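Before any comments, here is the structure.
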Amino acid sequence: MKSDYDIIVVGAGPAGSMAARFAAEKGVSVLMLEKDRDVGYPVRCGEAVSKAGVSEFIEPDEKWISSHINNFALISPDGTEATIEFGDAGYVLERRIFDYELAKTAAKAGAEILTRAYVNGLLFENGVVSGVKYEYRGEQKQLSAKIVIAADGVESRVGRWAGLRTFTDFREMECCVQITASNINVEKNTLYFYFGQNVAPGGYFWIFPKSNNAANIGLGVSGMVGKKKSALSFLNNFMSNNFPDSPILTSIAGGVPSSITLEKISGPGIMLVGDAARQVNPLSGGGIASGMIGGSIAGRIAGEAILRNNLSHILSYDKEWHNRLGKRHEIFERIKNGIYNFSDDKFNKIAQSFNSIPKDKRTLGRLFTTALLNQPSLLVDIAKVFII
Ligand SMILES: Cc1cc2nc3c(=O)[nH]c(=O)nc-3n(C[C@H](O)[C@H](O)[C@H](O)COP(=O)(O)OP(=O)(O)OC[C@H]3O[C@@H](n4cnc5c(N)ncnc54)[C@H](O)[C@@H]3O)c2cc1C
């Protein structure tokens with residue numbers, strides 16, 4: 001290992017690996033530090049992702065695909081199930097293998113990777129970030145870098161150390177809990193989303209099927225709700241009503257920022273990617289694909305900045321992210337606020353009127369139209385998604 005690098009990436013999730021790979025592809029020196037022993041583990045994710053979202057970065061491979069998805073089922077509070085068929089829409093992943101494979105693509109591009117390296121501070125030179133402090137096997141160490149990319153997830157501290165405003169109001173955090181359970185007999189090709197005050201107020205409840213009759217089952221509720229009634233109590237309730245005898249293999253809890261991207265995601269010597277930058281889709285809570293996009297943009301720009309010997313070039317990252325996805329996320333956030341405030345009655349009406357449409361004509365567009373008939377003010381925001 002060298003003592004200084006052009007670029008150091010903190011965190012080896014999907015966003016970090018893409019940042020490391022796209023920077024290394026520019027031929028500059030890159031090191032990615034990961035605090036855990038294994039890249040990809042522990043998994044804190046429902047693991048659902050669109051095919052388009054991953055195949056932009058990696059060739060789909062059965063070894064990290066747990067199930068292929070081509071149906072979405074939306075279940076309203078009175079149990080009405082509205083199903084939409086897609087082509088080959090997406091996957092439920094095996095993230096412990098997926099994340100590992102992504103990190104390998106970074107290594108193939110020339111990035112070095114060190115696990116068990118816990119970053120606990122930054123170095124500064126004249127107020128500019130100039131490297132990291134980290135603990136490795138009980139020893140405190142440090143490394144210099146021209147650019148540090150923070151990919152340290154939702155609990156990120158690196159951006160804050162660098163002086164960026166990373167605070168997210170608890171009202172904009174979804175409190176999530178999830179179990180992976182076995183003996184869950186649902187359709188293998190279908191993602192199930194449940195809505196309503198009794199299952200997930202201000203959010204949704206999901207069943208994402210995995211191979212061998214297992215499934216990721218969980219929910220996210222808004223921070224406002226989570227303060228009063230825990231997400232876990234909703235999950236326990238659902239399981240005892242629906243799958244009382246299903247063994248539970250894993251359980252996790254975590255926050256998902258359902259907000260727009262942070263106002264500033266770059267500064268002198270520092271860039272933020274993925275959950276650390278709040279690059280999650282606020283409507284779905286999905287952050288795998290968008291984090292990979294954020295990471296790829298940041299990595300490429302960081303590499304260019306080194307090659308051009310112009311470090312202020314990294315400040316162009318904010319605008320590029322905003323144009324690619326940030327702007328869209330702002331509109332998704334407004335749509336989310338409209339949809340998640342629907343009453344149970346409204347969800348029921350939407351599902352019922354959607355089901356009156358012939359099966360072969362049920363599309364996501366028709367679902368939105370049905371939702372719009374119940375809440376016309378959403379129209380402006382939805383129109384913007386396609387126009388802007
Ligand atoms: C319950 C739940 C369900 C979800 N379901 C989905 C879903 O179905 N689909 C979807 O797209 N998204 C989902 N998400 C969101 C998704 O998991 C994240 O958006 C995604 O993992 C973000 O990727 P990332 O690379 O930014 O961060 P992460 O994947 O969190 O990776 C951050 C990495 O940084 C490391 N790290 C942290 N601090 C340090 C440090 N100081 N030093 C060194 N390393 C450090 C961590 O160990 C970790 O490996 C879900 C989230 C939760 C909580």
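Chain labels A, B, ... are given in the sequence in which chains occur in the structure tokens; within each chain residues are numbered consecutively from 1, and ligands are likewise numbered from 1 in the order shown.
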Give me the chain A side of the contact with ligand 1, cut-off 7 Å, one line per residue showing its nearest atom pair and distance in Å at one decimal, counting only C-alpha atoms and all ligand atoms, sorted by chain and residue number, as JSON lines.
```
{"residue": "A:Val10", "atom": "CA", "partner": "ligand 1", "partner_atom_place_in_ligand_line": "43 (C)", "distance": 5.2}
{"residue": "A:Gly11", "atom": "CA", "partner": "ligand 1", "partner_atom_place_in_ligand_line": "34 (O)", "distance": 3.2}
{"residue": "A:Ala12", "atom": "CA", "partner": "ligand 1", "partner_atom_place_in_ligand_line": "49 (O)", "distance": 4.8}
{"residue": "A:Gly13", "atom": "CA", "partner": "ligand 1", "partner_atom_place_in_ligand_line": "25 (O)", "distance": 3.4}
{"residue": "A:Pro14", "atom": "CA", "partner": "ligand 1", "partner_atom_place_in_ligand_line": "25 (O)", "distance": 4.1}
{"residue": "A:Ala15", "atom": "CA", "partner": "ligand 1", "partner_atom_place_in_ligand_line": "25 (O)", "distance": 3.8}
{"residue": "A:Gly16", "atom": "CA", "partner": "ligand 1", "partner_atom_place_in_ligand_line": "25 (O)", "distance": 5.3}
{"residue": "A:Leu33", "atom": "CA", "partner": "ligand 1", "partner_atom_place_in_ligand_line": "43 (C)", "distance": 5.4}
{"residue": "A:Glu34", "atom": "CA", "partner": "ligand 1", "partner_atom_place_in_ligand_line": "44 (N)", "distance": 3.8}
{"residue": "A:Lys35", "atom": "CA", "partner": "ligand 1", "partner_atom_place_in_ligand_line": "43 (C)", "distance": 3.9}
{"residue": "A:Asp36", "atom": "CA", "partner": "ligand 1", "partner_atom_place_in_ligand_line": "47 (O)", "distance": 5.2}
{"residue": "A:Val39", "atom": "CA", "partner": "ligand 1", "partner_atom_place_in_ligand_line": "49 (O)", "distance": 6.3}
{"residue": "A:Gly40", "atom": "CA", "partner": "ligand 1", "partner_atom_place_in_ligand_line": "49 (O)", "distance": 6.4}
{"residue": "A:Arg44", "atom": "CA", "partner": "ligand 1", "partner_atom_place_in_ligand_line": "53 (C)", "distance": 5.2}
{"residue": "A:Cys45", "atom": "CA", "partner": "ligand 1", "partner_atom_place_in_ligand_line": "4 (C)", "distance": 3.5}
{"residue": "A:Gly46", "atom": "CA", "partner": "ligand 1", "partner_atom_place_in_ligand_line": "5 (N)", "distance": 3.4}
{"residue": "A:Glu47", "atom": "CA", "partner": "ligand 1", "partner_atom_place_in_ligand_line": "8 (O)", "distance": 4.0}
{"residue": "A:Ala48", "atom": "CA", "partner": "ligand 1", "partner_atom_place_in_ligand_line": "8 (O)", "distance": 3.8}
{"residue": "A:Val49", "atom": "CA", "partner": "ligand 1", "partner_atom_place_in_ligand_line": "11 (O)", "distance": 5.3}
{"residue": "A:Ala117", "atom": "CA", "partner": "ligand 1", "partner_atom_place_in_ligand_line": "43 (C)", "distance": 5.8}
{"residue": "A:Tyr118", "atom": "CA", "partner": "ligand 1", "partner_atom_place_in_ligand_line": "42 (N)", "distance": 3.9}
{"residue": "A:Val119", "atom": "CA", "partner": "ligand 1", "partner_atom_place_in_ligand_line": "42 (N)", "distance": 3.9}
{"residue": "A:Asn120", "atom": "CA", "partner": "ligand 1", "partner_atom_place_in_ligand_line": "41 (N)", "distance": 5.6}
{"residue": "A:Ala151", "atom": "CA", "partner": "ligand 1", "partner_atom_place_in_ligand_line": "26 (O)", "distance": 5.5}
{"residue": "A:Asp152", "atom": "CA", "partner": "ligand 1", "partner_atom_place_in_ligand_line": "34 (O)", "distance": 3.6}
{"residue": "A:Gly153", "atom": "CA", "partner": "ligand 1", "partner_atom_place_in_ligand_line": "27 (O)", "distance": 3.7}
{"residue": "A:Val154", "atom": "CA", "partner": "ligand 1", "partner_atom_place_in_ligand_line": "30 (O)", "distance": 6.0}
{"residue": "A:Ser156", "atom": "CA", "partner": "ligand 1", "partner_atom_place_in_ligand_line": "38 (N)", "distance": 6.1}
{"residue": "A:Cys176", "atom": "CA", "partner": "ligand 1", "partner_atom_place_in_ligand_line": "1 (C)", "distance": 4.8}
{"residue": "A:Val177", "atom": "CA", "partner": "ligand 1", "partner_atom_place_in_ligand_line": "1 (C)", "distance": 5.2}
{"residue": "A:Gln178", "atom": "CA", "partner": "ligand 1", "partner_atom_place_in_ligand_line": "1 (C)", "distance": 5.4}
{"residue": "A:Gly218", "atom": "CA", "partner": "ligand 1", "partner_atom_place_in_ligand_line": "1 (C)", "distance": 6.8}
{"residue": "A:Ile252", "atom": "CA", "partner": "ligand 1", "partner_atom_place_in_ligand_line": "1 (C)", "distance": 6.5}
{"residue": "A:Ala253", "atom": "CA", "partner": "ligand 1", "partner_atom_place_in_ligand_line": "1 (C)", "distance": 5.7}
{"residue": "A:Gly254", "atom": "CA", "partner": "ligand 1", "partner_atom_place_in_ligand_line": "53 (C)", "distance": 4.1}
{"residue": "A:Gly255", "atom": "CA", "partner": "ligand 1", "partner_atom_place_in_ligand_line": "53 (C)", "distance": 5.1}
{"residue": "A:Val256", "atom": "CA", "partner": "ligand 1", "partner_atom_place_in_ligand_line": "53 (C)", "distance": 5.4}
{"residue": "A:Val273", "atom": "CA", "partner": "ligand 1", "partner_atom_place_in_ligand_line": "26 (O)", "distance": 6.2}
{"residue": "A:Gly274", "atom": "CA", "partner": "ligand 1", "partner_atom_place_in_ligand_line": "26 (O)", "distance": 3.4}
{"residue": "A:Asp275", "atom": "CA", "partner": "ligand 1", "partner_atom_place_in_ligand_line": "26 (O)", "distance": 3.9}
{"residue": "A:Ala276", "atom": "CA", "partner": "ligand 1", "partner_atom_place_in_ligand_line": "26 (O)", "distance": 5.9}
{"residue": "A:Val280", "atom": "CA", "partner": "ligand 1", "partner_atom_place_in_ligand_line": "19 (O)", "distance": 5.6}
{"residue": "A:Gly285", "atom": "CA", "partner": "ligand 1", "partner_atom_place_in_ligand_line": "13 (C)", "distance": 6.0}
{"residue": "A:Gly286", "atom": "CA", "partner": "ligand 1", "partner_atom_place_in_ligand_line": "11 (O)", "distance": 3.3}
{"residue": "A:Gly287", "atom": "CA", "partner": "ligand 1", "partner_atom_place_in_ligand_line": "19 (O)", "distance": 3.1}
{"residue": "A:Ile288", "atom": "CA", "partner": "ligand 1", "partner_atom_place_in_ligand_line": "11 (O)", "distance": 3.9}
{"residue": "A:Ala289", "atom": "CA", "partner": "ligand 1", "partner_atom_place_in_ligand_line": "11 (O)", "distance": 6.0}
{"residue": "A:Gly291", "atom": "CA", "partner": "ligand 1", "partner_atom_place_in_ligand_line": "26 (O)", "distance": 5.3}
```
Convert the current residue selection to file output with C-alpha atoms, as a PDB file, in the first residue's frame.
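Below is the file out.pdb, written as the result:
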```
ATOM      1  CA  VAL A  10     -14.799   5.522   2.155  1.00  0.00           C
ATOM      2  CA  GLY A  11     -17.290   2.634   2.117  1.00  0.00           C
ATOM      3  CA  ALA A  12     -17.620  -0.304  -0.295  1.00  0.00           C
ATOM      4  CA  GLY A  13     -21.381  -0.366  -0.925  1.00  0.00           C
ATOM      5  CA  PRO A  14     -22.753  -0.019  -4.467  1.00  0.00           C
ATOM      6  CA  ALA A  15     -22.101   3.746  -4.540  1.00  0.00           C
ATOM      7  CA  GLY A  16     -18.529   3.412  -3.260  1.00  0.00           C
ATOM      8  CA  LEU A  33     -11.650   1.536   2.540  1.00  0.00           C
ATOM      9  CA  GLU A  34     -14.379  -0.598   4.099  1.00  0.00           C
ATOM     10  CA  LYS A  35     -14.931  -0.933   7.836  1.00  0.00           C
ATOM     11  CA  ASP A  36     -16.471  -4.413   7.751  1.00  0.00           C
ATOM     12  CA  VAL A  39     -17.685  -6.396   1.287  1.00  0.00           C
ATOM     13  CA  GLY A  40     -21.454  -6.915   0.970  1.00  0.00           C
ATOM     14  CA  ARG A  44     -29.466  -4.108   5.221  1.00  0.00           C
ATOM     15  CA  CYS A  45     -31.741  -4.017   2.201  1.00  0.00           C
ATOM     16  CA  GLY A  46     -34.923  -5.386   0.607  1.00  0.00           C
ATOM     17  CA  GLU A  47     -32.687  -6.147  -2.421  1.00  0.00           C
ATOM     18  CA  ALA A  48     -35.236  -5.186  -5.095  1.00  0.00           C
ATOM     19  CA  VAL A  49     -33.841  -3.383  -8.096  1.00  0.00           C
ATOM     20  CA  ALA A 117     -10.401  -0.252   7.768  1.00  0.00           C
ATOM     21  CA  TYR A 118     -12.627   2.009   9.850  1.00  0.00           C
ATOM     22  CA  VAL A 119     -12.322   5.661   8.837  1.00  0.00           C
ATOM     23  CA  ASN A 120     -12.636   7.822  11.953  1.00  0.00           C
ATOM     24  CA  ALA A 151     -19.735   6.521   0.343  1.00  0.00           C
ATOM     25  CA  ASP A 152     -20.305   5.612   3.979  1.00  0.00           C
ATOM     26  CA  GLY A 153     -24.056   5.066   3.783  1.00  0.00           C
ATOM     27  CA  VAL A 154     -27.051   6.489   5.566  1.00  0.00           C
ATOM     28  CA  SER A 156     -22.432   8.865   7.081  1.00  0.00           C
ATOM     29  CA  CYS A 176     -37.492   0.452   8.308  1.00  0.00           C
ATOM     30  CA  VAL A 177     -37.473  -3.061   9.697  1.00  0.00           C
ATOM     31  CA  GLN A 178     -37.212  -6.228   7.698  1.00  0.00           C
ATOM     32  CA  GLY A 218     -40.559  -5.453   5.881  1.00  0.00           C
ATOM     33  CA  ILE A 252     -32.532  -5.910  10.286  1.00  0.00           C
ATOM     34  CA  ALA A 253     -33.506  -2.329  11.022  1.00  0.00           C
ATOM     35  CA  GLY A 254     -32.346   0.888   9.452  1.00  0.00           C
ATOM     36  CA  GLY A 255     -33.227   4.301   8.186  1.00  0.00           C
ATOM     37  CA  VAL A 256     -33.929   5.233   4.611  1.00  0.00           C
ATOM     38  CA  VAL A 273     -22.267   9.624  -3.011  1.00  0.00           C
ATOM     39  CA  GLY A 274     -25.161   7.207  -2.438  1.00  0.00           C
ATOM     40  CA  ASP A 275     -27.040   7.280   0.866  1.00  0.00           C
ATOM     41  CA  ALA A 276     -24.352   9.566   2.303  1.00  0.00           C
ATOM     42  CA  VAL A 280     -32.211   7.595  -2.609  1.00  0.00           C
ATOM     43  CA  GLY A 285     -36.917   4.285  -0.967  1.00  0.00           C
ATOM     44  CA  GLY A 286     -34.670   2.448  -3.441  1.00  0.00           C
ATOM     45  CA  GLY A 287     -31.056   3.561  -3.320  1.00  0.00           C
ATOM     46  CA  ILE A 288     -29.056   0.809  -5.003  1.00  0.00           C
ATOM     47  CA  ALA A 289     -29.367   1.989  -8.608  1.00  0.00           C
ATOM     48  CA  GLY A 291     -26.354   5.309  -5.567  1.00  0.00           C
TER      49      GLY A 291
END
```
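The nearest approach to A:Gly196 among the residues A:Gly53, A:Pro244, A:Gly87, A:Gly220, with only C-alpha atoms taken into account, belongs to A:Gly220.
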Would you pick out the contacts of stretch 97-106 of chain A at 10 Å or less, using only C-alpha atoms, so that residues sharing its chain but fewer than 2 positions from it are not included, and give the list as a PyMOL selection string? chain A and resi 12-25+30-32+38-41+43+47+57-58+60-61+63-65+93-95+108-113+288+292
So, with only C-alpha atoms as the atoms that count, which of A:Asp344, A:Glu135, A:Glu304, A:Glu125 lies closest to A:Lys26? A:Glu304
For A:Cys175, work out the shell of residues within 10 Å, counting only C-alpha atoms and skipping chain neighbours fewer than 3 positions away, then give it as a PDB file with N, CA and C atoms, in the first residue's frame.
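Ended up saving to out22.pdb:
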```
ATOM      1  N   PHE A 170     -35.823  14.012  11.102  1.00  0.00           N
ATOM      2  CA  PHE A 170     -36.377  12.659  11.300  1.00  0.00           C
ATOM      3  C   PHE A 170     -37.685  12.468  10.537  1.00  0.00           C
ATOM      4  N   ARG A 171     -38.379  13.598  10.228  1.00  0.00           N
ATOM      5  CA  ARG A 171     -39.636  13.461   9.470  1.00  0.00           C
ATOM      6  C   ARG A 171     -39.367  13.023   8.041  1.00  0.00           C
ATOM      7  N   GLU A 172     -38.113  13.191   7.594  1.00  0.00           N
ATOM      8  CA  GLU A 172     -37.776  12.794   6.229  1.00  0.00           C
ATOM      9  C   GLU A 172     -37.010  11.473   6.200  1.00  0.00           C
ATOM     10  N   GLY A 203     -45.994   5.191   4.580  1.00  0.00           N
ATOM     11  CA  GLY A 203     -44.962   4.418   3.881  1.00  0.00           C
ATOM     12  C   GLY A 203     -45.614   3.230   3.217  1.00  0.00           C
ATOM     13  N   LEU A 219     -41.115  -3.183   6.241  1.00  0.00           N
ATOM     14  CA  LEU A 219     -41.877  -1.959   6.014  1.00  0.00           C
ATOM     15  C   LEU A 219     -41.049  -0.749   6.391  1.00  0.00           C
ATOM     16  N   GLY A 220     -41.499   0.373   5.847  1.00  0.00           N
ATOM     17  CA  GLY A 220     -40.941   1.651   6.259  1.00  0.00           C
ATOM     18  C   GLY A 220     -42.100   2.538   6.666  1.00  0.00           C
ATOM     19  N   VAL A 221     -41.962   3.167   7.807  1.00  0.00           N
ATOM     20  CA  VAL A 221     -42.980   4.158   8.201  1.00  0.00           C
ATOM     21  C   VAL A 221     -42.273   5.482   8.388  1.00  0.00           C
ATOM     22  N   SER A 222     -43.009   6.565   8.218  1.00  0.00           N
ATOM     23  CA  SER A 222     -42.376   7.878   8.335  1.00  0.00           C
ATOM     24  C   SER A 222     -41.874   8.059   9.762  1.00  0.00           C
ATOM     25  N   GLY A 223     -40.834   8.878   9.904  1.00  0.00           N
ATOM     26  CA  GLY A 223     -40.266   9.136  11.222  1.00  0.00           C
ATOM     27  C   GLY A 223     -41.314   9.631  12.205  1.00  0.00           C
ATOM     28  N   MET A 224     -42.285  10.381  11.715  1.00  0.00           N
ATOM     29  CA  MET A 224     -43.360  10.906  12.579  1.00  0.00           C
ATOM     30  C   MET A 224     -44.137   9.754  13.222  1.00  0.00           C
ATOM     31  N   VAL A 225     -44.429   8.718  12.399  1.00  0.00           N
ATOM     32  CA  VAL A 225     -45.189   7.562  12.899  1.00  0.00           C
ATOM     33  C   VAL A 225     -44.305   6.726  13.814  1.00  0.00           C
ATOM     34  N   GLY A 226     -43.061   6.480  13.347  1.00  0.00           N
ATOM     35  CA  GLY A 226     -42.132   5.629  14.086  1.00  0.00           C
ATOM     36  C   GLY A 226     -41.895   6.116  15.506  1.00  0.00           C
ATOM     37  N   LYS A 227     -42.026   7.421  15.700  1.00  0.00           N
ATOM     38  CA  LYS A 227     -41.834   7.985  17.045  1.00  0.00           C
ATOM     39  C   LYS A 227     -42.898   7.472  18.017  1.00  0.00           C
ATOM     40  N   SER A 230     -43.701   1.697  16.892  1.00  0.00           N
ATOM     41  CA  SER A 230     -42.502   1.221  16.190  1.00  0.00           C
ATOM     42  C   SER A 230     -42.868   0.435  14.925  1.00  0.00           C
ATOM     43  N   ALA A 231     -41.967   0.525  13.942  1.00  0.00           N
ATOM     44  CA  ALA A 231     -42.151  -0.239  12.705  1.00  0.00           C
ATOM     45  C   ALA A 231     -42.203  -1.733  13.028  1.00  0.00           C
ATOM     46  N   LEU A 232     -41.434  -2.141  14.033  1.00  0.00           N
ATOM     47  CA  LEU A 232     -41.387  -3.563  14.400  1.00  0.00           C
ATOM     48  C   LEU A 232     -42.752  -4.081  14.842  1.00  0.00           C
ATOM     49  N   ALA A 253     -32.787  -3.593  10.889  1.00  0.00           N
ATOM     50  CA  ALA A 253     -33.506  -2.329  11.022  1.00  0.00           C
ATOM     51  C   ALA A 253     -32.592  -1.246  10.478  1.00  0.00           C
ATOM     52  N   GLY A 254     -33.184  -0.190   9.966  1.00  0.00           N
ATOM     53  CA  GLY A 254     -32.346   0.888   9.452  1.00  0.00           C
ATOM     54  C   GLY A 254     -33.186   2.025   8.947  1.00  0.00           C
ATOM     55  N   GLY A 255     -32.524   3.129   8.692  1.00  0.00           N
ATOM     56  CA  GLY A 255     -33.227   4.301   8.186  1.00  0.00           C
ATOM     57  C   GLY A 255     -33.034   4.423   6.688  1.00  0.00           C
ATOM     58  N   VAL A 256     -34.057   4.914   6.031  1.00  0.00           N
ATOM     59  CA  VAL A 256     -33.929   5.233   4.611  1.00  0.00           C
ATOM     60  C   VAL A 256     -34.310   6.702   4.446  1.00  0.00           C
ATOM     61  N   PRO A 257     -33.385   7.505   3.936  1.00  0.00           N
ATOM     62  CA  PRO A 257     -33.726   8.916   3.742  1.00  0.00           C
ATOM     63  C   PRO A 257     -34.736   9.045   2.610  1.00  0.00           C
ATOM     64  N   SER A 258     -35.939   9.525   2.924  1.00  0.00           N
ATOM     65  CA  SER A 258     -36.917   9.676   1.842  1.00  0.00           C
ATOM     66  C   SER A 258     -37.044  11.159   1.540  1.00  0.00           C
TER      67      SER A 258
END
```
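Of note, atom CA of A:Phe167 and atom CA of A:Tyr194 are spaced 29.7 Å apart.
Distance annotation: of A:Tyr136, A:Phe205, A:Tyr340, A:Trp321, the residue with the minimal separation from A:Ser266 is A:Trp321; atom set is only C-alpha atoms.
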Residues near A:Lys336, cut-off 9 Å, only C-alpha atoms, skip fewer than 2 positions along chain, as a PyMOL selection string: chain A and resi 203+258+282-284+331-334+338-341
With only C-alpha atoms as the counted atoms, please give the residues lying no more than 10 Å from A:Asn212, apart from itself and same-chain residues fewer than 4 positions off, as a ChimeraX atom specification. /A:66-67,182-185,188
Include N, CA and C atoms and write out the residues we just selected as a PDB file, in the first residue's frame.
```pdb
ATOM      1  N   SER A  66     -31.561 -13.490  -7.025  1.00  0.00           N
ATOM      2  CA  SER A  66     -32.300 -14.466  -6.227  1.00  0.00           C
ATOM      3  C   SER A  66     -33.634 -14.775  -6.894  1.00  0.00           C
ATOM      4  N   SER A  67     -34.304 -13.743  -7.446  1.00  0.00           N
ATOM      5  CA  SER A  67     -35.514 -14.009  -8.231  1.00  0.00           C
ATOM      6  C   SER A  67     -35.708 -12.951  -9.307  1.00  0.00           C
ATOM      7  N   SER A 182     -38.524 -17.843   5.913  1.00  0.00           N
ATOM      8  CA  SER A 182     -38.676 -18.967   4.975  1.00  0.00           C
ATOM      9  C   SER A 182     -40.102 -19.505   5.049  1.00  0.00           C
ATOM     10  N   ASN A 183     -40.428 -20.425   4.151  1.00  0.00           N
ATOM     11  CA  ASN A 183     -41.788 -20.978   4.012  1.00  0.00           C
ATOM     12  C   ASN A 183     -42.819 -19.889   3.711  1.00  0.00           C
ATOM     13  N   ILE A 184     -42.458 -18.966   2.834  1.00  0.00           N
ATOM     14  CA  ILE A 184     -43.382 -17.902   2.439  1.00  0.00           C
ATOM     15  C   ILE A 184     -43.899 -18.247   1.045  1.00  0.00           C
ATOM     16  N   ASN A 185     -45.160 -18.634   0.990  1.00  0.00           N
ATOM     17  CA  ASN A 185     -45.693 -19.075  -0.297  1.00  0.00           C
ATOM     18  C   ASN A 185     -46.373 -17.927  -1.022  1.00  0.00           C
ATOM     19  N   LYS A 188     -43.292 -16.146  -7.076  1.00  0.00           N
ATOM     20  CA  LYS A 188     -41.853 -15.868  -7.099  1.00  0.00           C
ATOM     21  C   LYS A 188     -41.491 -14.655  -7.952  1.00  0.00           C
TER      22      LYS A 188
END
```
Within 12 Å of A:Pro247, counting only C-alpha atoms, which residues qualify if same-chain residues fewer than 5 places away don't, as an NGL selection string? :A and (179-184 or 213-215 or 239-240)
May I have all residues of stretch 51-238 of chain A that DSSP, computed from the backbone, assigns to helix (DSSP H, G or I), given as a VMD selection string? chain A and resid 51 to 55 62 to 64 95 to 108 158 to 161 170 to 172 223 to 228 231 to 238
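For the pair atom CA of A:Thr115 and atom CA of A:Val9, the interatomic distance is 11.9 Å.
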Pick out the closest residue to A:Leu123 from this set: A:Ile69, A:Leu311, A:Ile270, A:Val54. Count only C-alpha atoms.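 Using only C-alpha atoms, the shortest distance to A:Leu123 belongs to A:Ile270.
Atom CA of A:Asp245 lies 26.5 Å from atom CA of A:Thr83.
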